[in-house]
Amino acid sequence: CVLPRSSHANLTEVKIKMISRLRYWDGCRGRADFIRVLMEQTDFPYEYEAFSGWEAWPIEKKKLTFGTLPFFQNEEIQLNQSVTILRYVARKTDTYGSSPAEASRIDQILDGLYDWLQLMVSNVCSLNGRTDYESDMRKYGLEDVPAKLAIFEGLAKENGGEWLVGNKFSAADAMIYTVLEMQCRPFPKCLDEFPQLSAIFERVKNLPKVKAYIERMGKTSMFAFNLAEQPIHYP
């Protein structure tokens with residue numbers, strides 16, 4: 001039984017087995033995006049469930065291990081951390097490196113990208129009545145973004161190929177695509193001085209299966225709100 005890729009569902013509904021399900025917020029690509037990029041590129045069978053039950057969320061979150069989304073489940077396992085889900089899919093799809101050394105390099109990149117996401121959330125996405133949003137965005141764009149880009153540009157040069165690790169597409173490429181997309185929306189020129197990362201970003205974006213996914217998503221927000229996606233012309 002193959003179900004549509006996208007449907008709206010309550011988190012606690014009983015689901016038919018034999019297909020993995022990924023649940024995340026309706027209208028937001030966010031931290032589910034890099035998981036979906038990997039799933040799409042590797043033909044990992046899944047159903048996406050867009051959760052919009054805002055009124056029910058305080059109750060529903062108590063039923064989740066860490067009280068967060070994304071949430072992943074199949075007949076084998078339930079997972080409630082975005083990078084853990086990514087690693088699970090990578091192991092299932094042979095996109096976790098060709099050796100223990102490559103797997104460790106991928107882990108290092110995934111952990112570094114997650115740290116970057118946490119930094120971004122604290123500066124870009126945590127509004128809640130703040131009055132210092134614009135100054136924080138400026139500092140983040142002028143200082144933090146170039147510093148992070150330089151680290152991953154160095155790792156890309158060190159690998160010396162078309163991908164971040166080894167000689168084929170991996171979970172690291174899926175995640176860095178999403179994180180770079182999140183930077184390029186508010187800072188459109190941020191990749192101009194980082195040719196290796198820019199090339200990887202374009203390479204992933206133009207993989208036929210990833211490209212089809214991006215086209216399906218259309219103008220779906222990368223964030224839970226659109227403010228952080230308005231172009232800011234610095235740096």
# chains A, B, ... in the order shown; residues from 1 in each chain; ligands from 1

$ residues_around --residues "Lys168 (chain A)" --least-positions-apart "2" --cutoff "12 Å" --atoms "only C-alpha atoms" --output "PDB file with all heavy atoms, in the first residue's frame"
ATOM      1  N   ASP A  94      22.781   3.673   2.105  1.00  0.00           N
ATOM      2  CA  ASP A  94      24.186   3.665   1.698  1.00  0.00           C
ATOM      3  C   ASP A  94      24.696   5.069   1.352  1.00  0.00           C
ATOM      4  O   ASP A  94      25.420   5.271   0.390  1.00  0.00           O
ATOM      5  CB  ASP A  94      24.389   2.720   0.503  1.00  0.00           C
ATOM      6  CG  ASP A  94      25.876   2.446   0.219  1.00  0.00           C
ATOM      7  OD1 ASP A  94      26.677   2.501   1.172  1.00  0.00           O
ATOM      8  OD2 ASP A  94      26.219   2.199  -0.954  1.00  0.00           O
ATOM      9  N   THR A  95      24.288   6.025   2.188  1.00  0.00           N
ATOM     10  CA  THR A  95      24.783   7.400   2.003  1.00  0.00           C
ATOM     11  C   THR A  95      25.456   7.890   3.276  1.00  0.00           C
ATOM     12  O   THR A  95      25.383   9.065   3.623  1.00  0.00           O
ATOM     13  CB  THR A  95      23.625   8.353   1.612  1.00  0.00           C
ATOM     14  OG1 THR A  95      22.555   8.211   2.566  1.00  0.00           O
ATOM     15  CG2 THR A  95      23.112   8.062   0.217  1.00  0.00           C
ATOM     16  N   TYR A  96      26.107   6.946   3.966  1.00  0.00           N
ATOM     17  CA  TYR A  96      26.779   7.268   5.229  1.00  0.00           C
ATOM     18  C   TYR A  96      28.276   6.987   5.121  1.00  0.00           C
ATOM     19  O   TYR A  96      28.916   6.625   6.097  1.00  0.00           O
ATOM     20  CB  TYR A  96      26.160   6.444   6.356  1.00  0.00           C
ATOM     21  CG  TYR A  96      26.207   7.100   7.732  1.00  0.00           C
ATOM     22  CD1 TYR A  96      25.434   6.604   8.769  1.00  0.00           C
ATOM     23  CD2 TYR A  96      27.008   8.207   8.009  1.00  0.00           C
ATOM     24  CE1 TYR A  96      25.456   7.177  10.029  1.00  0.00           C
ATOM     25  CE2 TYR A  96      27.044   8.787   9.254  1.00  0.00           C
ATOM     26  CZ  TYR A  96      26.263   8.270  10.267  1.00  0.00           C
ATOM     27  OH  TYR A  96      26.291   8.845  11.512  1.00  0.00           O
ATOM     28  N   GLY A  97      28.825   7.165   3.914  1.00  0.00           N
ATOM     29  CA  GLY A  97      30.245   6.960   3.708  1.00  0.00           C
ATOM     30  C   GLY A  97      30.576   5.535   3.325  1.00  0.00           C
ATOM     31  O   GLY A  97      29.795   4.602   3.543  1.00  0.00           O
ATOM     32  N   SER A  98      31.772   5.364   2.766  1.00  0.00           N
ATOM     33  CA  SER A  98      32.226   4.053   2.293  1.00  0.00           C
ATOM     34  C   SER A  98      33.187   3.381   3.252  1.00  0.00           C
ATOM     35  O   SER A  98      33.711   2.311   2.951  1.00  0.00           O
ATOM     36  CB  SER A  98      32.890   4.216   0.917  1.00  0.00           C
ATOM     37  OG  SER A  98      31.983   4.775  -0.012  1.00  0.00           O
ATOM     38  N   GLU A 102      35.098   7.732   6.655  1.00  0.00           N
ATOM     39  CA  GLU A 102      34.157   8.616   5.964  1.00  0.00           C
ATOM     40  C   GLU A 102      32.901   8.839   6.805  1.00  0.00           C
ATOM     41  O   GLU A 102      32.369   9.954   6.857  1.00  0.00           O
ATOM     42  CB  GLU A 102      33.793   8.044   4.591  1.00  0.00           C
ATOM     43  CG  GLU A 102      34.885   8.207   3.558  1.00  0.00           C
ATOM     44  CD  GLU A 102      34.415   7.905   2.146  1.00  0.00           C
ATOM     45  OE1 GLU A 102      33.205   7.606   1.959  1.00  0.00           O
ATOM     46  OE2 GLU A 102      35.247   7.961   1.228  1.00  0.00           O
ATOM     47  N   ASN A 159      38.383  17.670   1.070  1.00  0.00           N
ATOM     48  CA  ASN A 159      37.913  16.444   0.408  1.00  0.00           C
ATOM     49  C   ASN A 159      38.344  16.407  -1.051  1.00  0.00           C
ATOM     50  O   ASN A 159      38.621  15.338  -1.596  1.00  0.00           O
ATOM     51  CB  ASN A 159      36.386  16.340   0.507  1.00  0.00           C
ATOM     52  CG  ASN A 159      35.871  15.000   0.033  1.00  0.00           C
ATOM     53  OD1 ASN A 159      36.318  13.944   0.485  1.00  0.00           O
ATOM     54  ND2 ASN A 159      34.929  15.022  -0.901  1.00  0.00           N
ATOM     55  N   GLY A 160      38.347  17.573  -1.683  1.00  0.00           N
ATOM     56  CA  GLY A 160      38.896  17.676  -3.026  1.00  0.00           C
ATOM     57  C   GLY A 160      38.059  17.106  -4.138  1.00  0.00           C
ATOM     58  O   GLY A 160      38.560  16.899  -5.250  1.00  0.00           O
ATOM     59  N   GLY A 161      36.790  16.839  -3.888  1.00  0.00           N
ATOM     60  CA  GLY A 161      35.946  16.275  -4.936  1.00  0.00           C
ATOM     61  C   GLY A 161      34.687  17.087  -5.152  1.00  0.00           C
ATOM     62  O   GLY A 161      34.621  18.275  -4.816  1.00  0.00           O
ATOM     63  N   GLU A 162      33.685  16.427  -5.708  1.00  0.00           N
ATOM     64  CA  GLU A 162      32.440  17.109  -6.005  1.00  0.00           C
ATOM     65  C   GLU A 162      31.496  17.156  -4.801  1.00  0.00           C
ATOM     66  O   GLU A 162      30.495  17.867  -4.824  1.00  0.00           O
ATOM     67  CB  GLU A 162      31.730  16.421  -7.171  1.00  0.00           C
ATOM     68  CG  GLU A 162      32.509  16.496  -8.486  1.00  0.00           C
ATOM     69  CD  GLU A 162      31.737  15.886  -9.635  1.00  0.00           C
ATOM     70  OE1 GLU A 162      30.769  15.129  -9.371  1.00  0.00           O
ATOM     71  OE2 GLU A 162      32.093  16.166 -10.793  1.00  0.00           O
ATOM     72  N   TRP A 163      31.818  16.381  -3.758  1.00  0.00           N
ATOM     73  CA  TRP A 163      30.944  16.269  -2.599  1.00  0.00           C
ATOM     74  C   TRP A 163      31.707  16.595  -1.320  1.00  0.00           C
ATOM     75  O   TRP A 163      32.934  16.715  -1.342  1.00  0.00           O
ATOM     76  CB  TRP A 163      30.339  14.864  -2.537  1.00  0.00           C
ATOM     77  CG  TRP A 163      29.692  14.452  -3.821  1.00  0.00           C
ATOM     78  CD1 TRP A 163      30.187  13.589  -4.754  1.00  0.00           C
ATOM     79  CD2 TRP A 163      28.451  14.934  -4.347  1.00  0.00           C
ATOM     80  NE1 TRP A 163      29.329  13.481  -5.818  1.00  0.00           N
ATOM     81  CE2 TRP A 163      28.255  14.296  -5.597  1.00  0.00           C
ATOM     82  CE3 TRP A 163      27.478  15.820  -3.880  1.00  0.00           C
ATOM     83  CZ2 TRP A 163      27.119  14.530  -6.389  1.00  0.00           C
ATOM     84  CZ3 TRP A 163      26.351  16.054  -4.666  1.00  0.00           C
ATOM     85  CH2 TRP A 163      26.177  15.415  -5.902  1.00  0.00           C
ATOM     86  N   LEU A 164      30.998  16.690  -0.221  1.00  0.00           N
ATOM     87  CA  LEU A 164      31.647  17.053   1.039  1.00  0.00           C
ATOM     88  C   LEU A 164      32.520  15.940   1.599  1.00  0.00           C
ATOM     89  O   LEU A 164      33.550  16.193   2.220  1.00  0.00           O
ATOM     90  CB  LEU A 164      30.588  17.436   2.083  1.00  0.00           C
ATOM     91  CG  LEU A 164      30.186  18.900   2.156  1.00  0.00           C
ATOM     92  CD1 LEU A 164      29.114  19.094   3.221  1.00  0.00           C
ATOM     93  CD2 LEU A 164      31.384  19.792   2.458  1.00  0.00           C
ATOM     94  N   VAL A 165      32.094  14.696   1.397  1.00  0.00           N
ATOM     95  CA  VAL A 165      32.837  13.548   1.918  1.00  0.00           C
ATOM     96  C   VAL A 165      32.896  12.469   0.831  1.00  0.00           C
ATOM     97  O   VAL A 165      31.869  12.124   0.240  1.00  0.00           O
ATOM     98  CB  VAL A 165      32.168  12.957   3.179  1.00  0.00           C
ATOM     99  CG1 VAL A 165      32.910  11.714   3.652  1.00  0.00           C
ATOM    100  CG2 VAL A 165      32.115  13.996   4.297  1.00  0.00           C
ATOM    101  N   GLY A 166      34.096  11.950   0.585  1.00  0.00           N
ATOM    102  CA  GLY A 166      34.228  10.868  -0.381  1.00  0.00           C
ATOM    103  C   GLY A 166      33.934  11.318  -1.796  1.00  0.00           C
ATOM    104  O   GLY A 166      34.054  12.495  -2.143  1.00  0.00           O
ATOM    105  N   SER A 170      26.170  12.141  -0.123  1.00  0.00           N
ATOM    106  CA  SER A 170      25.967  11.549   1.194  1.00  0.00           C
ATOM    107  C   SER A 170      25.002  12.402   2.017  1.00  0.00           C
ATOM    108  O   SER A 170      24.562  13.473   1.585  1.00  0.00           O
ATOM    109  CB  SER A 170      27.295  11.430   1.949  1.00  0.00           C
ATOM    110  OG  SER A 170      27.725  12.710   2.407  1.00  0.00           O
ATOM    111  N   ALA A 171      24.713  11.929   3.224  1.00  0.00           N
ATOM    112  CA  ALA A 171      23.855  12.682   4.137  1.00  0.00           C
ATOM    113  C   ALA A 171      24.423  14.065   4.418  1.00  0.00           C
ATOM    114  O   ALA A 171      23.665  15.023   4.668  1.00  0.00           O
ATOM    115  CB  ALA A 171      23.679  11.907   5.441  1.00  0.00           C
ATOM    116  N   ALA A 172      25.742  14.198   4.401  1.00  0.00           N
ATOM    117  CA  ALA A 172      26.362  15.507   4.637  1.00  0.00           C
ATOM    118  C   ALA A 172      25.957  16.509   3.567  1.00  0.00           C
ATOM    119  O   ALA A 172      25.698  17.682   3.862  1.00  0.00           O
ATOM    120  CB  ALA A 172      27.885  15.360   4.681  1.00  0.00           C
ATOM    121  N   ASP A 173      25.879  16.068   2.320  1.00  0.00           N
ATOM    122  CA  ASP A 173      25.480  16.956   1.225  1.00  0.00           C
ATOM    123  C   ASP A 173      24.013  17.343   1.338  1.00  0.00           C
ATOM    124  O   ASP A 173      23.639  18.480   1.042  1.00  0.00           O
ATOM    125  CB  ASP A 173      25.751  16.277  -0.118  1.00  0.00           C
ATOM    126  CG  ASP A 173      27.208  15.902  -0.295  1.00  0.00           C
ATOM    127  OD1 ASP A 173      28.060  16.813  -0.289  1.00  0.00           O
ATOM    128  OD2 ASP A 173      27.500  14.700  -0.425  1.00  0.00           O
ATOM    129  N   ALA A 174      23.181  16.401   1.773  1.00  0.00           N
ATOM    130  CA  ALA A 174      21.759  16.699   1.958  1.00  0.00           C
ATOM    131  C   ALA A 174      21.570  17.772   3.016  1.00  0.00           C
ATOM    132  O   ALA A 174      20.807  18.728   2.827  1.00  0.00           O
ATOM    133  CB  ALA A 174      20.992  15.428   2.343  1.00  0.00           C
ATOM    134  N   ILE A 200      28.794  22.793  -4.540  1.00  0.00           N
ATOM    135  CA  ILE A 200      28.073  21.673  -3.926  1.00  0.00           C
ATOM    136  C   ILE A 200      26.591  22.019  -3.785  1.00  0.00           C
ATOM    137  O   ILE A 200      25.713  21.186  -4.065  1.00  0.00           O
ATOM    138  CB  ILE A 200      28.689  21.309  -2.560  1.00  0.00           C
ATOM    139  CG1 ILE A 200      30.070  20.688  -2.762  1.00  0.00           C
ATOM    140  CG2 ILE A 200      27.787  20.350  -1.781  1.00  0.00           C
ATOM    141  CD1 ILE A 200      30.862  20.486  -1.487  1.00  0.00           C
ATOM    142  N   ARG A 203      25.063  21.715  -7.117  1.00  0.00           N
ATOM    143  CA  ARG A 203      25.055  20.311  -7.551  1.00  0.00           C
ATOM    144  C   ARG A 203      23.913  19.543  -6.902  1.00  0.00           C
ATOM    145  O   ARG A 203      23.192  18.795  -7.572  1.00  0.00           O
ATOM    146  CB  ARG A 203      26.409  19.673  -7.220  1.00  0.00           C
ATOM    147  CG  ARG A 203      26.627  18.297  -7.834  1.00  0.00           C
ATOM    148  CD  ARG A 203      28.072  17.846  -7.684  1.00  0.00           C
ATOM    149  NE  ARG A 203      28.964  18.705  -8.459  1.00  0.00           N
ATOM    150  CZ  ARG A 203      29.895  19.489  -7.944  1.00  0.00           C
ATOM    151  NH1 ARG A 203      30.076  19.540  -6.629  1.00  0.00           N
ATOM    152  NH2 ARG A 203      30.653  20.228  -8.720  1.00  0.00           N
ATOM    153  N   VAL A 204      23.740  19.721  -5.598  1.00  0.00           N
ATOM    154  CA  VAL A 204      22.644  19.036  -4.906  1.00  0.00           C
ATOM    155  C   VAL A 204      21.300  19.551  -5.409  1.00  0.00           C
ATOM    156  O   VAL A 204      20.390  18.770  -5.707  1.00  0.00           O
ATOM    157  CB  VAL A 204      22.750  19.227  -3.381  1.00  0.00           C
ATOM    158  CG1 VAL A 204      21.531  18.617  -2.681  1.00  0.00           C
ATOM    159  CG2 VAL A 204      24.026  18.585  -2.844  1.00  0.00           C
TER     160      VAL A 204
END

$ closest_atom_pairs --of "region 177-215 of chain A" --to "region 108-121 of chain A" --cutoff "10 Å" --atoms "only C-alpha atoms" --output "tab-separated table"
residue	atom	partner	partner_atom	distance
A:Thr178	CA	A:Leu113	CA	9.8
A:Val179	CA	A:Leu113	CA	7.2
A:Leu180	CA	A:Leu113	CA	9.8
A:Met182	CA	A:Met120	CA	9.1
A:Gln183	CA	A:Met120	CA	8.8

$ select_by_dssp --residues "region 105-221 of chain A" --states "helix (DSSP H, G or I)" --output "VMD selection string"
chain A and resid 105 to 125 133 to 159 171 to 184 195 to 205 208 to 217

$ closest_residue --among "A:Phe169, A:Phe194, A:Phe72, A:Trp54" --to "Ile35 (chain A)" --atoms "only C-alpha atoms"
A:Phe72

$ residues_around --residues "Pro195 (chain A)" --least-positions-apart "6" --cutoff "10 Å" --atoms "only C-alpha atoms" --output "list in words"
Glu153, Ala156, Lys157 and Phe201 of chain A

$ write_last_selection --atoms "C-alpha atoms" --output "compact mmCIF listing (two decimals), in the first residue's frame"
# COMPACT_ATOMS: atom_id res chain seq x y z
CA GLU A 153 34.52 25.58 2.63
CA ALA A 156 35.04 20.79 1.05
CA LYS A 157 38.50 21.76 -0.24
CA PHE A 201 24.92 23.69 -3.23

$ atom_distance --atom1 "CA of Glu49 (chain A)" --atom2 "CA of Pro186 (chain A)"
27.2 Å

$ atom_distance --atom1 "CA of Ala32 (chain A)" --atom2 "CA of Ser82 (chain A)"
6.7 Å

$ closest_residue --among "A:Arg23, A:Arg29, A:Leu86, A:Leu79" --to "Met217 (chain A)" --atoms "only C-alpha atoms"
A:Arg29

$ select_by_dssp --residues "region 42-114 of chain A" --states "strand (DSSP E or B)" --output "ChimeraX atom specification"
/A:46-51,71-73,78-79

$ residues_around --residues "Ile85 (chain A)" --least-positions-apart "2" --cutoff "12 Å" --atoms "only C-alpha atoms" --output "PyMOL selection string"
chain A and resi 20-23+31-36+38-39+69-74+77-83+87-92+110+171+175

$ atom_distance --atom1 "CA of Ala56 (chain A)" --atom2 "CA of Thr220 (chain A)"
23.0 Å

$ closest_residue --among "A:Phe44, A:Tyr24, A:Phe187, A:Phe152" --to "Thr93 (chain A)" --atoms "only C-alpha atoms"
A:Phe44
